[in-house]
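Here's the structure we're looking at; comments come further down.
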Amino acid sequence: MTAVSLPLLDAPAVSSSFWHAAWYRFKRNKVALVSGVVALIILIVAAFAPLIAPYGYAAQDLTHTLASPSVHHLLGTDQLGRDLLSRAIFGARTSMIVAFGAPVIGALIGVPIGMVSGWFGGLADFMALRAFEVFTMVPQILMALLLISLFGGGLINLLLFLGVTSWVGFGRLARAQYLALRDRDFVKAGKAMGVPTGRLIFVHVLPNAVGPMIVYFVQQIPATIFTAAGFSFLGLGVQDPLADWGKMINDGESYLQVSLLVALLPVFCIALATLSFSFVGDGLRDALDPTSR
Amino acid sequence: MIVYLVRRLLILLLVMLIVTMLIFGLMHAVPGGPFDQTQQPLPPAAMANIMRKYGLNLPLWHQYLKWLWSLLHGDLGVPFEEPTMTVNQLIRTAWPITLIVGGLTIAVSYVGGLIMGCVAALRHNTWLDWLLTSAVSTAGVALPNYVVGFLLIEIFAVRLGWLPTGGWGHPQDVILPVIAFALYPMALMARYTRASTLEVTYADYVRMGRARGLSERRITYRYILRTSLIPLITVMGPNIPNILTGSIFIEATFALPGLGSYFTTASLHRDYPLIMALVLIVAVLWGVCYILSDVAYTLVDPRVRLEGLSQ
């Protein structure tokens, strides 16, 4: 929280829209901007992994296991002779799939529930609040662990379970937004003019409520990278031969004495990804919602 | 206040009932069971015997009621994986380990975070503030604790050989897990402390105090810090149950035989009684901590009134 530093200069008068102003504020935040570039690079690497990586994620070079960095293997190889650089690059892919996919699932479940409960109130709100209570009682990681142990691990299951268990935050947030917005004058005016409820909810209120949701979404990304890699680290997430940073730590842990890179490279990747995405999240929060500082 | 507490506790009980029912139902709804062995399948007769012994042949509602009934008598059942012990005994051996690590973590992180946050805020916009907020607290919030733990092991246990790599039994086993575990709450605490202290630092009544010639020390301790620490209760309250029930990642990294690692093995083996017991502990702790933090909030801040307890 870079809270209450210098009061930001107001966005220039020419920038007419909210998003222009937000982009202007985000640009002024150098840390967020640099992190944004790093995050973007990670995403590009993840998207084009097969084109960038020198080898496949499962390609073995059994004559060079646990090799040190060389011309053939820029960062060396692991205990099965797989190119570490390539595995780290493909690891970005699995990591990003879960890191973006899980919050999307969470938002798809949570936001509608929050919308309905915040907008309509009454019984719907009561039910939603009790559901929030029930699901906060069992922390996300434990719930996900339970689901994984029942249905098995793997990339797809990890994505699904981390997604399903992350809905509560989105639900609470959407509820708070809709609760705060539904009594605003522009909504009353819309009602008075006979705008249908569905149109009010999606066209009039949603654009006003979406800012904090985007911020929360981006803040969920580093948290999900953390949890997903953690499960793979425990051997419960992504399975061989797929590459994943958490799994690479797990693999490399036993070979620390022989080769440092096998375990430190994935550690570095996880740290880089969580750091850059959380700086972007902080920057977005400050840019989209200047009052929250 | 009494009425409020009773109401909150009743709601908590209701929620607990729903939570346990959900988890119970979920565990049994999935095909397969704790005694399915693909390697050496048991003969059907022996299987039926085992199912009868643990009451797994009964209808689900009956099993749940049986579990609830023995819970009311303080009996959490027998774990499938270690039939020589009861769940109660297992928890009695595992939880103290988690509690020691957790308690130390809370102490280290809250005290450390408070001091860091206050120092950063009182030295606002100096290099010290920059170092504490940007470097320490952001890294603490963003770096996964098992990654930190891993690095700590690599440096202090493998390279320098000063501390053990993991396990439990010696006093020095505590050090690395606590550092790795405390980093996140400490960073969080520092962030919030800094923010709330800064907010108060520029408040009108503080400027007023200064204008009237109060000593800087008096302003800092009586006027700034006293008010700035209030919001921290709600921020940090919900973190306590998390820490006291342990982290599955930290306990796996450092090979600690605590609650978290039991939860991992229990879920992998579908050890129903153990899973239910652990879920129960976590959920009760969460519920109680929420109530306590709400109550504590009203005690320190007279401006806040509990919902449904207005004048």
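Ordering of the structure tokens sets the chain letters (A, B, ...); residue numbers start at 1 within each chain; ligands are numbered from 1 in the order shown.
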Please identify all polymer residues within 8 Å of A:Ile105, counting only C-alpha atoms, omitting same-chain residues fewer than 6 positions from it, and present them as a compact mmCIF listing (two decimals) with C-alpha atoms, in the first residue's frame.
# COMPACT_ATOMS: atom_id res chain seq x y z
CA LEU A 160 -11.58 -26.05 -11.57
CA GLY A 163 -11.88 -21.51 -9.35
CA VAL A 164 -14.87 -22.97 -7.56
CA TRP A 167 -16.16 -17.37 -5.58
Give me, as a PyMOL selection string, the residues of chain B touching chain A, with the criterion being at most 8 Å (counting only C-alpha atoms). chain B and resi 15-16+18-19+27+30+125+133+138-139+142-144+146-147+191-192+195+198-199+242+249+252+264+267-270+279+282-284+286-287
Taking only C-alpha atoms into account, which of B:Gly103, B:Gly55, B:Gly112, B:Pro43 comes nearest B:Ser137? B:Gly112
Per DSSP on the backbone, what are the helix (DSSP H, G or I) residues of stretch 49-286 of chain A, as a PyMOL selection string? chain A and resi 49-52+84-120+122-137+140-151+155-164+167-181+185-192+197-233+245-255+261-286
Taking 3 positions as the minimum chain separation for residues in the same chain, which residues sit within 8 Å of stretch 94-101 of chain A when counting only C-alpha atoms? Answer as an mmCIF file with C-alpha atoms, in the first residue's frame.
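Produced file out31.cif, reproduced below:
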data_model
loop_
_atom_site.group_PDB
_atom_site.id
_atom_site.type_symbol
_atom_site.label_atom_id
_atom_site.label_comp_id
_atom_site.auth_asym_id
_atom_site.auth_seq_id
_atom_site.Cartn_x
_atom_site.Cartn_y
_atom_site.Cartn_z
ATOM 1 C CA LEU A 43 1.989 -13.773 -20.623
ATOM 2 C CA ALA A 46 3.222 -18.435 -21.806
ATOM 3 C CA PHE A 90 6.256 -24.135 -20.421
ATOM 4 C CA GLY A 91 5.787 -23.745 -16.686
ATOM 5 C CA VAL A 104 -12.565 -16.286 -14.109
ATOM 6 C CA ILE A 105 -14.488 -19.291 -12.790
ATOM 7 C CA LEU A 155 -4.002 -29.282 -14.320
ATOM 8 C CA LEU A 158 -6.563 -27.743 -10.086
ATOM 9 C CA LEU A 159 -8.006 -24.999 -12.282
ATOM 10 C CA GLY A 163 -11.876 -21.509 -9.345
ATOM 11 C CA GLN A 220 -6.331 -12.825 -7.217
ATOM 12 C CA ILE A 221 -3.778 -13.682 -9.906
ATOM 13 C CA PRO A 222 -0.642 -13.702 -7.703
ATOM 14 C CA THR A 224 -3.630 -18.141 -7.394
ATOM 15 C CA ILE A 225 -0.087 -18.537 -8.732
ATOM 16 C CA ALA A 228 -1.479 -23.521 -7.603
ATOM 17 C CA ALA A 229 2.300 -23.793 -7.459
ATOM 18 C CA ALA A 243 5.968 -28.600 -16.616
ATOM 19 C CA ASP A 244 5.004 -26.407 -13.703
ATOM 20 C CA TRP A 245 7.092 -24.176 -11.461
#
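Using only C-alpha atoms, the smallest distance between any of B:His73, B:Arg92, B:Arg123, B:His28 and B:Thr201 comes from B:Arg123.
Atom to atom, atom CA of A:Leu66 and atom CA of A:Gln79 stand 5.0 Å apart.
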